[in-house]
$ cat target-v7.pdb   # PDB, C-alpha atoms, pLDDT in the B column
ATOM      1  CA  MET A   1     -90.429  52.157-122.251  1.00 48.00           C
ATOM      2  CA  PRO A   2     -92.532  49.683-124.315  1.00 52.00           C
ATOM      3  CA  LYS A   3     -92.596  46.143-123.012  1.00 61.00           C
ATOM      4  CA  GLN A   4     -90.451  43.710-124.998  1.00 67.00           C
ATOM      5  CA  LEU A   5     -92.446  41.062-126.836  1.00 72.00           C
ATOM      6  CA  SER A   6     -91.804  37.541-125.545  1.00 85.00           C
ATOM      7  CA  LEU A   7     -90.337  35.019-127.958  1.00 92.00           C
ATOM      8  CA  ASP A   8     -91.879  31.587-128.311  1.00 92.00           C
ATOM      9  CA  PHE A   9     -88.478  29.954-127.756  1.00 94.00           C
ATOM     10  CA  ASP A  10     -85.478  30.481-125.483  1.00 95.00           C
ATOM     11  CA  PRO A  11     -82.915  32.399-127.570  1.00 95.00           C
ATOM     12  CA  ILE A  12     -80.041  31.381-125.306  1.00 95.00           C
ATOM     13  CA  ALA A  13     -80.976  27.688-125.552  1.00 95.00           C
ATOM     14  CA  ARG A  14     -81.290  28.104-129.333  1.00 95.00           C
ATOM     15  CA  ALA A  15     -77.855  29.757-129.508  1.00 95.00           C
ATOM     16  CA  ASP A  16     -76.438  26.931-127.391  1.00 95.00           C
ATOM     17  CA  ASP A  17     -77.881  24.363-129.797  1.00 96.00           C
ATOM     18  CA  LEU A  18     -76.509  26.172-132.881  1.00 96.00           C
ATOM     19  CA  TRP A  19     -73.136  26.664-131.190  1.00 94.00           C
ATOM     20  CA  THR A  20     -72.956  22.935-130.398  1.00 96.00           C
ATOM     21  CA  ARG A  21     -73.669  22.003-134.004  1.00 96.00           C
ATOM     22  CA  ARG A  22     -70.977  24.351-135.323  1.00 96.00           C
ATOM     23  CA  TRP A  23     -68.204  24.252-132.718  1.00 96.00           C
ATOM     24  CA  GLY A  24     -69.163  21.520-130.270  1.00 96.00           C
ATOM     25  CA  ALA A  25     -70.746  21.661-126.826  1.00 95.00           C
ATOM     26  CA  VAL A  26     -69.476  24.553-124.672  1.00 95.00           C
ATOM     27  CA  PRO A  27     -71.752  24.798-121.601  1.00 95.00           C
ATOM     28  CA  SER A  28     -69.837  27.848-120.362  1.00 96.00           C
ATOM     29  CA  MET A  29     -71.122  29.875-123.356  1.00 96.00           C
ATOM     30  CA  ALA A  30     -74.761  29.289-122.383  1.00 96.00           C
ATOM     31  CA  ALA A  31     -73.913  29.923-118.732  1.00 96.00           C
ATOM     32  CA  ILE A  32     -72.222  33.282-119.310  1.00 96.00           C
ATOM     33  CA  THR A  33     -74.927  34.416-121.711  1.00 97.00           C
ATOM     34  CA  SER A  34     -77.561  33.571-119.087  1.00 97.00           C
ATOM     35  CA  VAL A  35     -75.621  35.433-116.372  1.00 97.00           C
ATOM     36  CA  MET A  36     -75.250  38.516-118.591  1.00 97.00           C
ATOM     37  CA  ARG A  37     -78.956  38.504-119.458  1.00 97.00           C
ATOM     38  CA  ALA A  38     -79.877  38.021-115.786  1.00 97.00           C
ATOM     39  CA  HIS A  39     -77.701  41.029-114.948  1.00 96.00           C
ATOM     40  CA  GLN A  40     -79.628  43.154-117.466  1.00 97.00           C
ATOM     41  CA  ILE A  41     -82.981  42.021-116.088  1.00 96.00           C
ATOM     42  CA  LEU A  42     -82.074  42.558-112.438  1.00 97.00           C
ATOM     43  CA  LEU A  43     -80.422  45.924-113.003  1.00 96.00           C
ATOM     44  CA  GLY A  44     -83.531  47.100-114.863  1.00 96.00           C
ATOM     45  CA  ARG A  45     -85.786  45.934-112.038  1.00 97.00           C
ATOM     46  CA  VAL A  46     -83.861  47.497-109.152  1.00 97.00           C
ATOM     47  CA  ASP A  47     -83.048  50.719-111.026  1.00 96.00           C
ATOM     48  CA  ALA A  48     -86.777  51.193-111.675  1.00 97.00           C
ATOM     49  CA  VAL A  49     -87.402  50.991-107.917  1.00 97.00           C
ATOM     50  CA  VAL A  50     -84.653  53.419-106.857  1.00 97.00           C
ATOM     51  CA  LYS A  51     -85.137  55.888-109.734  1.00 97.00           C
ATOM     52  CA  PRO A  52     -87.950  57.815-107.957  1.00 97.00           C
ATOM     53  CA  TYR A  53     -85.405  58.567-105.213  1.00 97.00           C
ATOM     54  CA  GLY A  54     -82.967  60.029-107.751  1.00 95.00           C
ATOM     55  CA  LEU A  55     -80.725  56.978-107.441  1.00 97.00           C
ATOM     56  CA  THR A  56     -79.219  54.249-109.538  1.00 96.00           C
ATOM     57  CA  PHE A  57     -78.435  50.928-107.870  1.00 96.00           C
ATOM     58  CA  ALA A  58     -74.736  51.890-107.818  1.00 95.00           C
ATOM     59  CA  ARG A  59     -75.527  55.101-105.917  1.00 97.00           C
ATOM     60  CA  TYR A  60     -77.846  53.181-103.604  1.00 97.00           C
ATOM     61  CA  GLU A  61     -75.011  50.738-102.807  1.00 97.00           C
ATOM     62  CA  ALA A  62     -72.707  53.642-101.915  1.00 97.00           C
ATOM     63  CA  LEU A  63     -75.327  55.093 -99.563  1.00 97.00           C
ATOM     64  CA  VAL A  64     -75.840  51.709 -97.897  1.00 97.00           C
ATOM     65  CA  LEU A  65     -72.088  51.354 -97.422  1.00 97.00           C
ATOM     66  CA  LEU A  66     -71.937  54.752 -95.707  1.00 97.00           C
ATOM     67  CA  THR A  67     -74.910  53.777 -93.542  1.00 97.00           C
ATOM     68  CA  PHE A  68     -73.060  50.645 -92.418  1.00 95.00           C
ATOM     69  CA  SER A  69     -69.915  52.568 -91.464  1.00 94.00           C
ATOM     70  CA  ARG A  70     -69.547  53.362 -87.765  1.00 93.00           C
ATOM     71  CA  THR A  71     -69.205  57.126 -88.280  1.00 93.00           C
ATOM     72  CA  GLY A  72     -71.369  57.444 -91.403  1.00 95.00           C
ATOM     73  CA  GLU A  73     -68.383  58.459 -93.508  1.00 95.00           C
ATOM     74  CA  LEU A  74     -65.659  56.720 -95.513  1.00 95.00           C
ATOM     75  CA  SER A  75     -62.793  57.746 -97.731  1.00 93.00           C
ATOM     76  CA  LEU A  76     -63.445  57.563-101.455  1.00 93.00           C
ATOM     77  CA  SER A  77     -60.673  54.975-101.773  1.00 91.00           C
ATOM     78  CA  LYS A  78     -62.362  52.766 -99.154  1.00 93.00           C
ATOM     79  CA  ILE A  79     -65.716  53.086-100.949  1.00 95.00           C
ATOM     80  CA  GLY A  80     -64.076  51.968-104.204  1.00 94.00           C
ATOM     81  CA  GLU A  81     -62.383  49.063-102.448  1.00 93.00           C
ATOM     82  CA  ARG A  82     -65.581  47.834-100.788  1.00 93.00           C
ATOM     83  CA  LEU A  83     -67.769  48.275-103.877  1.00 93.00           C
ATOM     84  CA  MET A  84     -64.983  46.892-106.116  1.00 92.00           C
ATOM     85  CA  VAL A  85     -65.222  49.721-108.651  1.00 92.00           C
ATOM     86  CA  HIS A  86     -62.727  52.043-110.334  1.00 91.00           C
ATOM     87  CA  PRO A  87     -61.828  55.293-108.492  1.00 90.00           C
ATOM     88  CA  THR A  88     -63.326  57.337-111.350  1.00 93.00           C
ATOM     89  CA  SER A  89     -66.668  55.573-110.855  1.00 94.00           C
ATOM     90  CA  VAL A  90     -66.563  56.349-107.130  1.00 94.00           C
ATOM     91  CA  THR A  91     -65.872  60.025-107.809  1.00 94.00           C
ATOM     92  CA  ASN A  92     -68.780  60.228-110.259  1.00 95.00           C
ATOM     93  CA  THR A  93     -71.106  58.432-107.836  1.00 96.00           C
ATOM     94  CA  VAL A  94     -70.206  60.698-104.909  1.00 96.00           C
ATOM     95  CA  ASP A  95     -70.511  63.783-107.147  1.00 96.00           C
ATOM     96  CA  ARG A  96     -74.102  62.828-108.014  1.00 96.00           C
ATOM     97  CA  LEU A  97     -74.976  62.015-104.406  1.00 97.00           C
ATOM     98  CA  GLU A  98     -73.494  65.292-103.202  1.00 97.00           C
ATOM     99  CA  ARG A  99     -75.464  67.306-105.779  1.00 97.00           C
ATOM    100  CA  ALA A 100     -78.627  65.564-104.574  1.00 97.00           C
ATOM    101  CA  GLY A 101     -77.824  66.499-100.958  1.00 97.00           C
ATOM    102  CA  LEU A 102     -77.470  62.861 -99.915  1.00 98.00           C
ATOM    103  CA  VAL A 103     -73.777  63.026 -99.000  1.00 98.00           C
ATOM    104  CA  SER A 104     -71.299  65.733 -98.096  1.00 97.00           C
ATOM    105  CA  ARG A 105     -67.532  65.816 -98.527  1.00 93.00           C
ATOM    106  CA  ARG A 106     -64.706  66.981 -96.332  1.00 91.00           C
ATOM    107  CA  PRO A 107     -60.915  66.627 -96.413  1.00 90.00           C
ATOM    108  CA  ASN A 108     -59.605  63.452 -94.813  1.00 87.00           C
ATOM    109  CA  PRO A 109     -57.616  64.554 -91.734  1.00 84.00           C
ATOM    110  CA  LEU A 110     -55.539  61.353 -91.973  1.00 81.00           C
ATOM    111  CA  ASP A 111     -54.657  61.887 -95.634  1.00 79.00           C
ATOM    112  CA  GLY A 112     -53.729  65.337 -96.919  1.00 74.00           C
ATOM    113  CA  ARG A 113     -54.899  64.544-100.450  1.00 77.00           C
ATOM    114  CA  GLY A 114     -57.819  62.298 -99.513  1.00 84.00           C
ATOM    115  CA  VAL A 115     -61.519  63.053 -99.263  1.00 89.00           C
ATOM    116  CA  LEU A 116     -64.185  61.676 -96.950  1.00 94.00           C
ATOM    117  CA  ALA A 117     -67.791  61.207 -98.059  1.00 96.00           C
ATOM    118  CA  ALA A 118     -70.386  61.429 -95.277  1.00 97.00           C
ATOM    119  CA  ILE A 119     -74.038  60.497 -95.523  1.00 97.00           C
ATOM    120  CA  THR A 120     -76.455  63.326 -94.669  1.00 97.00           C
ATOM    121  CA  ASP A 121     -79.707  63.084 -92.726  1.00 97.00           C
ATOM    122  CA  ARG A 122     -81.557  63.285 -96.027  1.00 97.00           C
ATOM    123  CA  GLY A 123     -79.356  60.494 -97.395  1.00 97.00           C
ATOM    124  CA  ARG A 124     -80.230  58.295 -94.413  1.00 97.00           C
ATOM    125  CA  ALA A 125     -83.946  58.895 -94.952  1.00 98.00           C
ATOM    126  CA  VAL A 126     -83.692  58.110 -98.672  1.00 98.00           C
ATOM    127  CA  VAL A 127     -81.723  54.907 -98.131  1.00 97.00           C
ATOM    128  CA  GLU A 128     -84.308  53.688 -95.585  1.00 97.00           C
ATOM    129  CA  ASP A 129     -87.210  54.334 -97.995  1.00 98.00           C
ATOM    130  CA  ALA A 130     -85.409  52.804-100.986  1.00 98.00           C
ATOM    131  CA  THR A 131     -84.385  49.763 -98.935  1.00 98.00           C
ATOM    132  CA  ARG A 132     -87.984  49.201 -97.850  1.00 98.00           C
ATOM    133  CA  ASP A 133     -89.095  49.213-101.509  1.00 98.00           C
ATOM    134  CA  LEU A 134     -86.259  46.940-102.667  1.00 98.00           C
ATOM    135  CA  MET A 135     -86.948  44.425 -99.909  1.00 97.00           C
ATOM    136  CA  ALA A 136     -90.631  44.426-100.834  1.00 97.00           C
ATOM    137  CA  MET A 137     -89.712  43.180-104.321  1.00 97.00           C
ATOM    138  CA  ASP A 138     -86.951  40.835-103.074  1.00 97.00           C
ATOM    139  CA  PHE A 139     -84.312  42.870-104.919  1.00 97.00           C
ATOM    140  CA  GLY A 140     -85.775  41.640-108.204  1.00 97.00           C
ATOM    141  CA  LEU A 141     -85.323  37.973-107.316  1.00 97.00           C
ATOM    142  CA  ASP A 142     -88.873  37.132-106.274  1.00 95.00           C
ATOM    143  CA  GLU A 143     -88.884  34.072-108.564  1.00 96.00           C
ATOM    144  CA  TYR A 144     -86.417  32.455-106.128  1.00 97.00           C
ATOM    145  CA  ASP A 145     -86.909  31.468-102.499  1.00 97.00           C
ATOM    146  CA  ALA A 146     -84.281  32.000 -99.790  1.00 96.00           C
ATOM    147  CA  ASP A 147     -82.610  28.612-100.373  1.00 97.00           C
ATOM    148  CA  ARG A 148     -82.250  29.207-104.124  1.00 97.00           C
ATOM    149  CA  CYS A 149     -80.828  32.682-103.471  1.00 97.00           C
ATOM    150  CA  ARG A 150     -78.191  31.121-101.203  1.00 97.00           C
ATOM    151  CA  GLU A 151     -77.438  28.598-103.969  1.00 97.00           C
ATOM    152  CA  ILE A 152     -76.874  31.444-106.447  1.00 97.00           C
ATOM    153  CA  PHE A 153     -74.557  33.156-103.958  1.00 96.00           C
ATOM    154  CA  ASP A 154     -72.594  29.928-103.412  1.00 96.00           C
ATOM    155  CA  LEU A 155     -72.388  29.155-107.153  1.00 96.00           C
ATOM    156  CA  LEU A 156     -70.906  32.572-107.959  1.00 96.00           C
ATOM    157  CA  ARG A 157     -68.535  32.700-104.977  1.00 95.00           C
ATOM    158  CA  PRO A 158     -65.654  30.697-106.599  1.00 95.00           C
ATOM    159  CA  LEU A 159     -65.707  33.083-109.576  1.00 94.00           C
ATOM    160  CA  ARG A 160     -65.337  36.054-107.232  1.00 93.00           C
ATOM    161  CA  VAL A 161     -62.513  34.385-105.298  1.00 94.00           C
ATOM    162  CA  ALA A 162     -60.664  33.635-108.552  1.00 94.00           C
ATOM    163  CA  ALA A 163     -61.068  37.278-109.611  1.00 92.00           C
ATOM    164  CA  GLY A 164     -59.379  38.383-106.386  1.00 91.00           C
ATOM    165  CA  ASP A 165     -62.429  39.975-104.745  1.00 90.00           C
ATOM    166  CA  PHE A 166     -61.357  38.398-101.469  1.00 90.00           C
ATOM    167  CA  THR A 167     -59.317  35.515-100.079  1.00 90.00           C
ATOM    168  CA  GLU A 168     -61.205  32.432 -99.003  1.00 83.00           C
ATOM    169  CA  PRO A 169     -60.349  31.644 -95.356  1.00 82.00           C
ATOM    170  CA  GLU A 170     -58.459  28.434 -94.698  1.00 80.00           C
ATOM    171  CA  PRO A 171     -60.747  25.647 -93.419  1.00 79.00           C
ATOM    172  CA  GLU A 172     -60.495  24.921 -89.719  1.00 79.00           C
ATOM    173  CA  PRO A 173     -58.461  21.754 -89.013  1.00 80.00           C
ATOM    174  CA  GLU A 174     -60.478  18.778 -87.814  1.00 78.00           C
ATOM    175  CA  PRO A 175     -59.995  18.224 -84.078  1.00 76.00           C
ATOM    176  CA  GLU A 176     -58.166  15.001 -83.294  1.00 73.00           C
ATOM    177  CA  SER A 177     -60.330  12.516 -81.421  1.00 67.00           C
ATOM    178  CA  GLU A 178     -59.027  11.573 -78.007  1.00 62.00           C
ATOM    179  CA  PRO A 179     -59.520   8.130 -76.438  1.00 58.00           C
ATOM    180  CA  GLU A 180     -62.137   7.988 -73.734  1.00 61.00           C
ATOM    181  CA  PRO A 181     -60.550   7.960 -70.285  1.00 59.00           C
ATOM    182  CA  ALA A 182     -61.019   4.810 -68.230  1.00 55.00           C
ATOM    183  CA  SER A 183     -63.545   5.116 -65.429  1.00 52.00           C
ATOM    184  CA  ALA A 184     -62.191   5.314 -61.914  1.00 50.00           C
ATOM    185  CA  SER A 185     -63.911   2.070 -60.915  1.00 49.00           C
ATOM    186  CA  GLU A 186     -62.719   0.023 -63.888  1.00 47.00           C
ATOM    187  CA  PRO A 187     -59.134   0.065 -65.199  1.00 47.00           C
ATOM    188  CA  ALA A 188     -58.594   0.148 -68.947  1.00 45.00           C
ATOM    189  CA  SER A 189     -57.287  -3.432 -68.918  1.00 44.00           C
ATOM    190  CA  GLY A 190     -60.497  -4.549 -67.192  1.00 45.00           C
ATOM    191  CA  LYS A 191     -62.586  -2.936 -69.970  1.00 43.00           C
ATOM    192  CA  ALA A 192     -60.609  -4.720 -72.656  1.00 42.00           C
ATOM    193  CA  ALA A 193     -61.019  -8.052 -70.871  1.00 42.00           C
ATOM    194  CA  ALA A 194     -64.750  -7.517 -70.469  1.00 43.00           C
ATOM    195  CA  ALA A 195     -65.122  -6.675 -74.169  1.00 43.00           C
ATOM    196  CA  ALA A 196     -63.138  -9.771 -75.174  1.00 42.00           C
ATOM    197  CA  SER A 197     -65.144 -12.086 -72.969  1.00 45.00           C
ATOM    198  CA  SER A 198     -68.475 -10.712 -74.223  1.00 44.00           C
ATOM    199  CA  GLY A 199     -67.503 -11.531 -77.857  1.00 45.00           C
TER     200      GLY A 199
END
$ encode --input "target-v7.pdb" --output "structure tokens"
Amino acid sequence: MPKQLSLDFDPIARADDLWTRRWGAVPSMAAITSVMRAHQILLGRVDAVVKPYGLTFARYEALVLLTFSRTGELSLSKIGERLMVHPTSVTNTVDRLERAGLVSRRPNPLDGRGVLAAITDRGRAVVEDATRDLMAMDFGLDEYDADRCREIFDLLRPLRVAAGDFTEPEPEPEPESEPEPASASEPASGKAAAAASSG
């Protein structure tokens, strides 16, 4: 694919300026446009790395999820729940992985109509090699150090909570401070008297 020519101005900043002149300042418009463009860039970068393994990033994520599972297999419904994608997308993903010999399917013994997807030995080897390559290019985020990556994660977390991805745990209550016990050699009243006389 030919490399896109760089512009000599930021088109999102330009759009933000024109938007402000026409409709007033709306910082959220520039923010969402930047997020959408970042998504395109990152998906292109990571898909280029996993493509030689016959994967897309979505298929890679499914393989990683199966690798993390204790038995190496999960129901399709659980895969969809964890990856937060529609059941049809899960079915398509597992179909492609099965055709490539990276996963196998079997009926779910706990659910008469359910199906389990299990990672194969070949799938484990592929996910290890692809992971090594993705880590080498910092998952496409090599312009950012570890602290900035954590900032990005924290900035996007409230959006994910509001969308219902997960429930934020309640903060732990602050422990109540307890008064220091009086020493055995000096009664509490003696301490108070000593403090008063030293003032």
$ closest_atom_pairs --input "target-v7.pdb" --of "region 69-139 of chain A" --to "region 159-170 of chain A" --cutoff "10 Å" --atoms "all atoms listed in the file" --output "CSV"
residue,atom,partner,partner_atom,distance
A:Glu81,CA,A:Asp165,CA,9.4
A:Arg82,CA,A:Asp165,CA,9.3
A:Leu83,CA,A:Asp165,CA,9.9
A:Met84,CA,A:Asp165,CA,7.5
$ residues_around --input "target-v7.pdb" --residues "region 58-72 of chain A" --least-positions-apart "6" --cutoff "7 Å" --atoms "only C-alpha atoms" --output "PyMOL selection string"
chain A and resi 93+118-119+127
$ write_last_selection --input "target-v7.pdb" --atoms "C-alpha atoms" --output "tab-separated table (two decimals), keeping the file's coordinate frame"
chain	number	residue	atom	x	y	z
A	93	THR	CA	-71.11	58.43	-107.84
A	118	ALA	CA	-70.39	61.43	-95.28
A	119	ILE	CA	-74.04	60.50	-95.52
A	127	VAL	CA	-81.72	54.91	-98.13
$ resolve_selection --input "target-v7.pdb" --expression "the PyMOL selection byres ((chain A and resi 30) around 12)" --output "list of chain:residue names"
A:Asp10, A:Pro11, A:Ile12, A:Ala13, A:Arg14, A:Ala15, A:Asp16, A:Asp17, A:Leu18, A:Trp19, A:Thr20, A:Ala25, A:Val26, A:Pro27, A:Ser28, A:Met29, A:Ala31, A:Ile32, A:Thr33, A:Ser34, A:Val35, A:Met36, A:Arg37
$ closest_residue --input "target-v7.pdb" --among "A:Asp133, A:Asp145, A:Glu174, A:Asp111" --to "Asp47 (chain A)" --atoms "only C-alpha atoms"
A:Asp133
$ atom_distance --input "target-v7.pdb" --atom1 "CA of Gly140 (chain A)" --atom2 "CA of Gln40 (chain A)"
11.2 Å
$ atom_distance --input "target-v7.pdb" --atom1 "CA of Thr120 (chain A)" --atom2 "CA of Thr91 (chain A)"
17.2 Å
$ atom_distance --input "target-v7.pdb" --atom1 "CA of Leu43 (chain A)" --atom2 "CA of Ala130 (chain A)"
14.7 Å
$ residues_around --input "target-v7.pdb" --residues "Pro107 (chain A)" --least-positions-apart "3" --cutoff "7 Å" --atoms "only C-alpha atoms" --output "VMD selection string"
chain A and resid 114 to 116
$ write_last_selection --input "target-v7.pdb" --atoms "C-alpha atoms" --output "PDB file, in the frame of the given file"
ATOM      1  CA  GLY A 114     -57.819  62.298 -99.513  1.00 84.00           C
ATOM      2  CA  VAL A 115     -61.519  63.053 -99.263  1.00 89.00           C
ATOM      3  CA  LEU A 116     -64.185  61.676 -96.950  1.00 94.00           C
TER       4      LEU A 116
END
$ closest_residue --input "target-v7.pdb" --among "A:Leu5, A:Leu97, A:Ile41, A:Ala117" --to "Leu76 (chain A)" --atoms "only C-alpha atoms"
A:Ala117
